[in-house]
Amino acid sequence: MKFILSPTNYKKCILLVVLSLMLIPRSYSQSEKKLLKQIEELKAQPEFNPETPLYIDLLFDLAKEYTYKNKDSTYILANQGLALSKLTKYKKGEGYAYLRLGDYYSQLMDKDNYKKYYDKTIEIADNYDYEKLKLIVLNNYGTTLSIHGDVDEALKYYLEGIEIGEKNKDNLMLPILYDNIAIMYSGLKDYETALIFHENSLRFSEKSKSAFTMAKTLSNMAFSYAYLHKFENAEDVIKRAIPIFIEEDNMDWLSFCYEVKGIIALEKKQFEDALEWYMESNLLCEDLDYFTGTINTYNGLAEAYIGLGQIDSAEHYALKANKAASTTHYPEILMKSAKTLADINRIKGEFEVALDYQDEYLELAEKADTENFKKGLAMLRSYQKYEAQKKQILDEKNRELASQQALTYIALAGLLLLIIMLVLIYRNFKIQGRFNGILQKKQQILVNRELQLKESNNTKDKLFSLIAHDLRGPIHSFHGLMQFYVRGQMTKEETDKFLPVALQDLSSIADMLDNLLIWGKTQINGTKHEPKNININDLIENNMRLLKPLADKKSIQVKSNVEKNLVSYSDDAHVDIVLRNLIGNAIKFTQKNGEITIDAMENESQLVLSVADNGVGMSPEKQENLFNKNNYESSYGTNNEKGTGLGLFLCKEMVEMNGGRIWVKSVIGQGSTIYFTVPKKLKLRKAI
């Protein structure tokens with residue numbers, strides 16, 4: 001590895017890290033505007049609570065956005081988030097609060113405070129295994145140290161971050177860490193070493209599939225290629241980066257790309273092209289108020305104008321660069337502008353002025369050479385120390401592993417003997433267990449069959465009881481009535497009085513038998529389920545026509561508000577049975593001149609159908625047991641219509657068979673509404 005003294009560009013490269021590579025993947029794609037909108041939307045919610053982690057995290061994201069634009073806002077937001085994190089014992093939030101405060105003091109170049117808060121962040125990350133947080137703070141800590149000249153310490157933090165990133169396969173942070181190290185080597189003019197780290201960065205960028213991160217690496221690679229005079233490589237990678245920054249609307253990085261294009265042209269002595277690219281970069285930098293980029297383009301413009309022989313223009317921009325660099329303490333840029341002004345004044349014949357600028361340049365260059373040599377040496381020592389520590393740790397692990405392996409072999413030998421004994425014991429237990437298992441399975445089968453038999457007998461008993469109680473009485477009454485009528489033992493008045501009552505009983509018996517037959521089939525053979533797209537309105541209208549005579553007899557108005565083309569993916573026979581029972585029940589329990597309404601509504605996945613009446617209603621106790629399998633209580637309608645209670649349980653089975661549910665809402669004296677759900681229409685794909 002070689003280290004060459006660097007008179008220029010070190011601080012420029014490092015500042016690019018501050019402006020962009022510290023934009024960590026957790027939120028770098030979020031704009032300030034988007035974050036503010038998210039915070040406002042969260043605050044507008046009725047249940048908003050500022051103590052939630054979501055709100056606290058948004059404060060820290062916004063604090064990061066303000067780091068380079070409004071440092072005071074960063075400080076306020078970080079402290080606000082810190083207070084909330086401590087109040088709610090949100091340790092990760094506390095860690096991010098210290099991180100943002102470290103970033104704030106880094107901008108102020110306050111070493112004591114940024115070190116204090118970055119160290120607190122690392123402590124929390126270590127104590128609670130927040131490795132993502134630790135990666136971020138190691139990157140930001142390293143960047144801050146490199147800007148302030150502690151390159152050996154910076155390299156240590158970057159390398160530790162890379163080790164954690166590679167262990168966790170963090171393909172978003174690894175490109176940033178590798179790029180930061182590469183930029184430090186670029187600042188020392190060791191472009192070949194820089195490219196090694198850039199290539200690693202590019203490899204992980206491609207894995208992360210982050211076009212923006214990849215474009216940043218490509219533009220930095222172009223910078224190194226240009227000064228190595230590998231112009232074809234430089235042109236190729238910068239050509240790939242520029243469209244991405246345009247698409248992302250990232251003008252600060254686009255200005256850097258144009259500056260690199262200018263560097264390439266200058267190195268190739270193509271001064272007109274260099275002038276054009278530096279002008280483009282300068283316009284963007286001034287528009288963005290990007291001070292560092294602006295004074296760099298001033299130097300580039302001055303060199304391009306010298307190459308074109310336009311000395312007055314060259315002097316104009318060189319003086320602007322020199323003045324800006326001297327008032328804001330940019331010694332590298334000041335050194336470069338002094339050299340440019342010395343060349344300009346020699347060309348003009350102003351040799352005394354040229355000599356003054358030459359002396360200024362030499363003084364700055366000597367100082368820069370000394371500092372950069374120390375930095376390069378410190379980086380080398382830091383890297384060697386880091387590698388030595390890694391080797392020592394690895395050797396210790398290998399020794400421990402060798403000791404563990406010896407113990408393992410002894411343990412394995414003992415274990416093998418134990419296994420042989422256990423296998424023999426297990427074999428005996430397995431044989432016995434197999435027979436026990438067979439016996440238990442047979443016992444369980446017997447228990448299940450006994451339960452099924454009891455269930456079947458209970459069902460049979462209830463069915464016979466139902467038939468005996470609810471069918472025998474009305475049939476005997478009708479039989480006796482017919483005997484009296486045939487024998488002529490009834491007057492016309494008695495016939496007119498009793499015959500309609502008997503016919504009503506027979507109608508109730510017919511409904512009862514229909515439900516009993518359907519229920520009996522489900523108990524014996526199970527229910528077939530054959531869903532298809534069916535028109536709900538057609539089924540409703542068919543049942544309204546079928547039950548119209550019963551409704552007309554009580555002057556009840558039955559109306560449907562269901563759309564004509566409402567379609568459900570269900571078994572039409574099942575839905576038909578449900579509708580017939582619910583409408584029939586509503587007619588039974590509604591007074592004369594009453595009203596029954598059938599409605600439907602549609603939600604995301606289902607249709608909700610309802611049958612509502614303004615009849616007698618029911619008590620909460622009756623509602624609770626309405627769909628119970630064991631509830632066969634007979635009930636009478638408002639006109640003494642007979643029912644078994646079986647129909648509603650049958651409705652429940654049919655609805656559930658189609659993936660829905662059924663429920664009731666009722667108030668005594670005000671009526672009842674029974675709801676049930678069925679699937680929406682199945683959308684069939686077109687055949688290809």
# chains A, B, ... in the order shown; residues from 1 in each chain; ligands from 1
>>> residues_around(residues="Tyr298 of chain A", least_positions_apart="5", cutoff="10 Å", atoms="only C-alpha atoms", output="list in words")
Tyr278, Met279, Ser281, Asn282, Gly293, Glu303, Ala304, Ala314, His316, Tyr317, Ala318, Leu319, Lys320, Ala321, Asn322, Ala324, Ile333 and Ser337 of chain A
>>> residues_around(residues="segment 351-358 of chain A", least_positions_apart="3", cutoff="8 Å", atoms="only C-alpha atoms", output="PyMOL selection string")
chain A and resi 338-339+341-346+361-362
>>> residues_around(residues="segment 168-176 of chain A", least_positions_apart="2", cutoff="7 Å", atoms="only C-alpha atoms", output="PyMOL selection string")
chain A and resi 21+25+162+164-166+178-180+201-202+204-205+207-208
>>> write_last_selection(atoms="all heavy atoms", output="CSV table (one decimal), in the first residue's frame")
chain,number,residue,atom,x,y,z
A,21,LEU,N,-23.1,10.8,2.2
A,21,LEU,CA,-22.9,9.4,2.6
A,21,LEU,C,-23.4,9.2,4.0
A,21,LEU,O,-23.6,8.0,4.4
A,21,LEU,CB,-21.4,9.0,2.4
A,21,LEU,CG,-21.0,8.9,0.9
A,21,LEU,CD1,-19.5,8.5,0.9
A,21,LEU,CD2,-21.8,7.8,0.2
A,25,PRO,N,-29.4,4.5,5.2
A,25,PRO,CA,-30.5,3.8,4.5
A,25,PRO,C,-31.8,3.8,5.2
A,25,PRO,O,-32.8,3.7,4.6
A,25,PRO,CB,-30.0,2.4,4.2
A,25,PRO,CG,-28.5,2.5,4.4
A,25,PRO,CD,-28.2,3.6,5.3
A,162,ILE,N,-17.7,-2.2,9.2
A,162,ILE,CA,-17.7,-3.2,8.1
A,162,ILE,C,-17.8,-4.6,8.6
A,162,ILE,O,-18.6,-5.5,8.1
A,162,ILE,CB,-16.5,-3.0,7.2
A,162,ILE,CG1,-16.6,-1.8,6.4
A,162,ILE,CG2,-16.2,-4.2,6.3
A,162,ILE,CD1,-15.3,-1.4,5.6
A,164,ILE,N,-19.3,-5.6,11.4
A,164,ILE,CA,-20.7,-5.8,11.8
A,164,ILE,C,-21.6,-6.0,10.6
A,164,ILE,O,-22.5,-6.8,10.5
A,164,ILE,CB,-21.2,-4.7,12.7
A,164,ILE,CG1,-20.4,-4.7,14.0
A,164,ILE,CG2,-22.7,-4.8,13.0
A,164,ILE,CD1,-20.6,-3.5,14.9
A,165,GLY,N,-21.4,-5.1,9.6
A,165,GLY,CA,-22.2,-5.1,8.4
A,165,GLY,C,-22.1,-6.4,7.6
A,165,GLY,O,-23.1,-6.9,7.1
A,166,GLU,N,-20.9,-6.9,7.5
A,166,GLU,CA,-20.7,-8.2,6.8
A,166,GLU,C,-21.3,-9.4,7.6
A,166,GLU,O,-21.9,-10.3,7.0
A,166,GLU,CB,-19.3,-8.4,6.5
A,166,GLU,CG,-18.7,-7.5,5.5
A,166,GLU,CD,-17.2,-7.7,5.2
A,166,GLU,OE1,-16.6,-8.4,6.0
A,166,GLU,OE2,-16.7,-7.2,4.1
A,178,TYR,N,-17.6,1.5,3.0
A,178,TYR,CA,-16.5,1.3,2.1
A,178,TYR,C,-16.2,2.6,1.3
A,178,TYR,O,-15.0,2.9,1.1
A,178,TYR,CB,-16.8,0.1,1.1
A,178,TYR,CG,-16.5,-1.2,1.6
A,178,TYR,CD1,-17.4,-2.2,1.9
A,178,TYR,CD2,-15.1,-1.6,1.9
A,178,TYR,CE1,-17.1,-3.4,2.3
A,178,TYR,CE2,-14.8,-2.8,2.4
A,178,TYR,CZ,-15.8,-3.8,2.6
A,178,TYR,OH,-15.5,-5.0,3.1
A,179,ASP,N,-17.2,3.3,0.9
A,179,ASP,CA,-17.0,4.5,0.2
A,179,ASP,C,-16.3,5.6,1.1
A,179,ASP,O,-15.5,6.3,0.6
A,179,ASP,CB,-18.4,5.1,-0.3
A,179,ASP,CG,-18.5,5.0,-1.8
A,179,ASP,OD1,-17.5,4.6,-2.5
A,179,ASP,OD2,-19.6,5.2,-2.3
A,180,ASN,N,-16.7,5.6,2.3
A,180,ASN,CA,-16.1,6.6,3.3
A,180,ASN,C,-14.6,6.3,3.4
A,180,ASN,O,-13.8,7.3,3.4
A,180,ASN,CB,-16.8,6.5,4.6
A,180,ASN,CG,-18.1,7.2,4.6
A,180,ASN,OD1,-18.5,7.8,3.6
A,180,ASN,ND2,-18.9,7.0,5.7
A,201,SER,N,-17.6,-1.2,-2.4
A,201,SER,CA,-18.8,-0.5,-2.2
A,201,SER,C,-19.8,-0.8,-3.3
A,201,SER,O,-21.0,-1.0,-3.1
A,201,SER,CB,-18.5,1.0,-2.1
A,201,SER,OG,-19.7,1.7,-2.1
A,202,LEU,N,-19.3,-0.8,-4.5
A,202,LEU,CA,-20.2,-1.1,-5.7
A,202,LEU,C,-20.7,-2.5,-5.6
A,202,LEU,O,-21.9,-2.7,-6.0
A,202,LEU,CB,-19.3,-0.9,-7.0
A,202,LEU,CG,-20.1,-0.9,-8.3
A,202,LEU,CD1,-21.2,0.2,-8.3
A,202,LEU,CD2,-19.1,-0.8,-9.5
A,204,PHE,N,-21.5,-4.3,-3.0
A,204,PHE,CA,-22.7,-4.3,-2.1
A,204,PHE,C,-23.8,-3.5,-2.5
A,204,PHE,O,-25.0,-3.8,-2.2
A,204,PHE,CB,-22.2,-3.9,-0.7
A,204,PHE,CG,-21.3,-5.0,0.0
A,204,PHE,CD1,-20.0,-4.8,0.1
A,204,PHE,CD2,-21.9,-6.2,0.4
A,204,PHE,CE1,-19.2,-5.8,0.7
A,204,PHE,CE2,-21.1,-7.2,1.0
A,204,PHE,CZ,-19.8,-7.0,1.2
A,205,SER,N,-23.5,-2.4,-3.2
A,205,SER,CA,-24.6,-1.5,-3.8
A,205,SER,C,-25.5,-2.3,-4.7
A,205,SER,O,-26.7,-2.2,-4.8
A,205,SER,CB,-24.1,-0.3,-4.5
A,205,SER,OG,-23.4,0.5,-3.6
A,207,LYS,N,-25.9,-5.5,-4.8
A,207,LYS,CA,-26.7,-6.5,-4.0
A,207,LYS,C,-27.9,-5.8,-3.4
A,207,LYS,O,-29.0,-6.4,-3.3
A,207,LYS,CB,-25.8,-7.1,-2.9
A,207,LYS,CG,-24.8,-8.1,-3.4
A,207,LYS,CD,-24.0,-8.7,-2.2
A,207,LYS,CE,-23.0,-9.7,-2.7
A,207,LYS,NZ,-22.2,-10.3,-1.6
A,208,SER,N,-27.7,-4.6,-2.9
A,208,SER,CA,-28.9,-3.9,-2.2
A,208,SER,C,-29.9,-3.4,-3.2
A,208,SER,O,-31.0,-3.1,-2.9
A,208,SER,CB,-28.3,-2.7,-1.4
A,208,SER,OG,-27.9,-1.7,-2.3
>>> residues_around(residues="segment 129-142 of chain A", least_positions_apart="6", cutoff="7 Å", atoms="only C-alpha atoms", output="PyMOL selection string")
chain A and resi 22+24+99+118+121-122+154-155+157-158+161+177
>>> write_last_selection(atoms="C-alpha atoms", output="PDB file, in the first residue's frame")
ATOM      1  CA  MET A  22     -24.082  10.009   6.112  1.00  0.00           C
ATOM      2  CA  ILE A  24     -28.229   6.363   6.196  1.00  0.00           C
ATOM      3  CA  LEU A  99     -26.969   9.891  17.734  1.00  0.00           C
ATOM      4  CA  TYR A 118     -21.646   9.199  20.081  1.00  0.00           C
ATOM      5  CA  THR A 121     -25.115   5.833  21.481  1.00  0.00           C
ATOM      6  CA  ILE A 122     -22.549   3.030  21.218  1.00  0.00           C
ATOM      7  CA  ALA A 154     -11.945   7.180  11.755  1.00  0.00           C
ATOM      8  CA  LEU A 155     -10.561   4.123   9.975  1.00  0.00           C
ATOM      9  CA  TYR A 157     -14.631   2.921  13.419  1.00  0.00           C
ATOM     10  CA  TYR A 158     -15.233   2.273   9.719  1.00  0.00           C
ATOM     11  CA  GLY A 161     -18.683  -1.103  11.110  1.00  0.00           C
ATOM     12  CA  LEU A 177     -18.707   2.471   4.930  1.00  0.00           C
TER      13      LEU A 177
END
>>> atom_distance(atom1="atom CA of Met618 of chain A", atom2="atom CA of Val664 of chain A")
9.9 Å
>>> residues_around(residues="Gln80 of chain A", least_positions_apart="4", cutoff="10 Å", atoms="only C-alpha atoms", output="list in words")
Ile56, Leu59, Phe60, Thr74, Tyr75, Ile76, Leu84, Ser85 and Ala97 of chain A
>>> atom_distance(atom1="atom CA of Ile181 of chain A", atom2="atom CA of Thr213 of chain A")
15.2 Å
>>> closest_residue(among="A:Gly615, A:Gly660, A:Gly309, A:Pro331", to="Glu360 of chain A", atoms="only C-alpha atoms")
A:Pro331
>>> closest_residue(among="A:Leu35, A:Leu284, A:Ser619, A:Glu51", to="Leu87 of chain A", atoms="only C-alpha atoms")
A:Glu51
>>> residues_around(residues="Ser570 of chain A", least_positions_apart="4", cutoff="8 Å", atoms="only C-alpha atoms", output="number ranges by chain")
A: 530-534, 574-575, 658, 678-679
>>> write_last_selection(atoms="all heavy atoms", output="short mmCIF file (atom, residue, chain, number, x, y, z; two decimals), in the first residue's frame")
data_model
loop_
_atom_site.label_atom_id
_atom_site.label_comp_id
_atom_site.auth_asym_id
_atom_site.auth_seq_id
_atom_site.Cartn_x
_atom_site.Cartn_y
_atom_site.Cartn_z
N GLU A 530 -72.42 -27.08 -3.16
CA GLU A 530 -72.06 -26.88 -4.57
C GLU A 530 -72.21 -25.39 -4.91
O GLU A 530 -73.22 -24.96 -5.47
CB GLU A 530 -72.96 -27.73 -5.47
CG GLU A 530 -72.80 -29.24 -5.20
CD GLU A 530 -73.77 -30.07 -6.03
OE1 GLU A 530 -74.71 -29.48 -6.61
OE2 GLU A 530 -73.59 -31.29 -6.10
N PRO A 531 -71.20 -24.58 -4.55
CA PRO A 531 -71.31 -23.14 -4.78
C PRO A 531 -71.15 -22.76 -6.25
O PRO A 531 -70.46 -23.42 -7.01
CB PRO A 531 -70.16 -22.57 -3.95
CG PRO A 531 -69.15 -23.66 -3.91
CD PRO A 531 -69.93 -24.94 -3.92
N LYS A 532 -71.78 -21.67 -6.59
CA LYS A 532 -71.64 -21.07 -7.93
C LYS A 532 -72.15 -19.64 -7.83
O LYS A 532 -72.74 -19.24 -6.81
CB LYS A 532 -72.43 -21.87 -8.96
CG LYS A 532 -73.93 -21.95 -8.67
CD LYS A 532 -74.64 -22.85 -9.68
CE LYS A 532 -76.13 -22.97 -9.33
NZ LYS A 532 -76.85 -23.86 -10.26
N ASN A 533 -71.95 -18.86 -8.86
CA ASN A 533 -72.46 -17.49 -8.88
C ASN A 533 -73.98 -17.52 -9.05
O ASN A 533 -74.50 -18.04 -10.04
CB ASN A 533 -71.82 -16.69 -10.00
CG ASN A 533 -70.40 -16.28 -9.68
OD1 ASN A 533 -70.03 -16.18 -8.52
ND2 ASN A 533 -69.59 -16.03 -10.68
N ILE A 534 -74.72 -16.99 -8.05
CA ILE A 534 -76.19 -17.01 -8.09
C ILE A 534 -76.72 -15.60 -7.91
O ILE A 534 -76.09 -14.76 -7.27
CB ILE A 534 -76.75 -17.93 -6.99
CG1 ILE A 534 -76.29 -17.45 -5.60
CG2 ILE A 534 -76.33 -19.37 -7.20
CD1 ILE A 534 -76.96 -18.18 -4.45
N HIS A 574 -79.04 -23.85 -0.56
CA HIS A 574 -78.85 -23.45 0.84
C HIS A 574 -79.42 -22.06 1.09
O HIS A 574 -80.14 -21.83 2.07
CB HIS A 574 -77.37 -23.47 1.20
CG HIS A 574 -76.75 -24.84 1.14
ND1 HIS A 574 -75.41 -25.06 1.33
CD2 HIS A 574 -77.30 -26.06 0.92
CE1 HIS A 574 -75.16 -26.35 1.23
NE2 HIS A 574 -76.29 -26.98 0.97
N VAL A 575 -79.06 -21.10 0.22
CA VAL A 575 -79.53 -19.72 0.41
C VAL A 575 -81.05 -19.66 0.29
O VAL A 575 -81.73 -18.92 1.01
CB VAL A 575 -78.85 -18.78 -0.61
CG1 VAL A 575 -79.36 -17.36 -0.45
CG2 VAL A 575 -77.34 -18.80 -0.42
N ASN A 658 -71.68 -22.13 3.83
CA ASN A 658 -71.25 -21.26 2.74
C ASN A 658 -70.25 -20.19 3.21
O ASN A 658 -70.02 -19.20 2.52
CB ASN A 658 -72.47 -20.59 2.09
CG ASN A 658 -73.25 -21.55 1.23
OD1 ASN A 658 -72.95 -21.74 0.06
ND2 ASN A 658 -74.26 -22.20 1.82
N VAL A 678 -73.03 -13.93 3.11
CA VAL A 678 -72.65 -14.90 2.08
C VAL A 678 -71.50 -14.31 1.29
O VAL A 678 -71.31 -13.09 1.27
CB VAL A 678 -73.83 -15.22 1.12
CG1 VAL A 678 -74.90 -16.04 1.83
CG2 VAL A 678 -74.41 -13.94 0.54
N PRO A 679 -70.69 -15.15 0.63
CA PRO A 679 -69.55 -14.62 -0.14
C PRO A 679 -70.01 -13.77 -1.32
O PRO A 679 -71.12 -13.95 -1.85
CB PRO A 679 -68.83 -15.89 -0.62
CG PRO A 679 -69.31 -16.98 0.26
CD PRO A 679 -70.70 -16.63 0.65
#
>>> closest_residue(among="A:Asn614, A:Thr340, A:Thr297, A:Ser73", to="Leu283 of chain A", atoms="only C-alpha atoms")
A:Thr297
>>> atom_distance(atom1="atom CA of Gln623 of chain A", atom2="atom CA of Val562 of chain A")
25.7 Å
>>> closest_residue(among="A:Tyr55, A:Tyr675, A:Phe212, A:Tyr90", to="Val578 of chain A", atoms="only C-alpha atoms")
A:Tyr675
>>> select_by_dssp(residues="segment 527-577 of chain A", states="helix (DSSP H, G or I)", output="count of residues only")
24
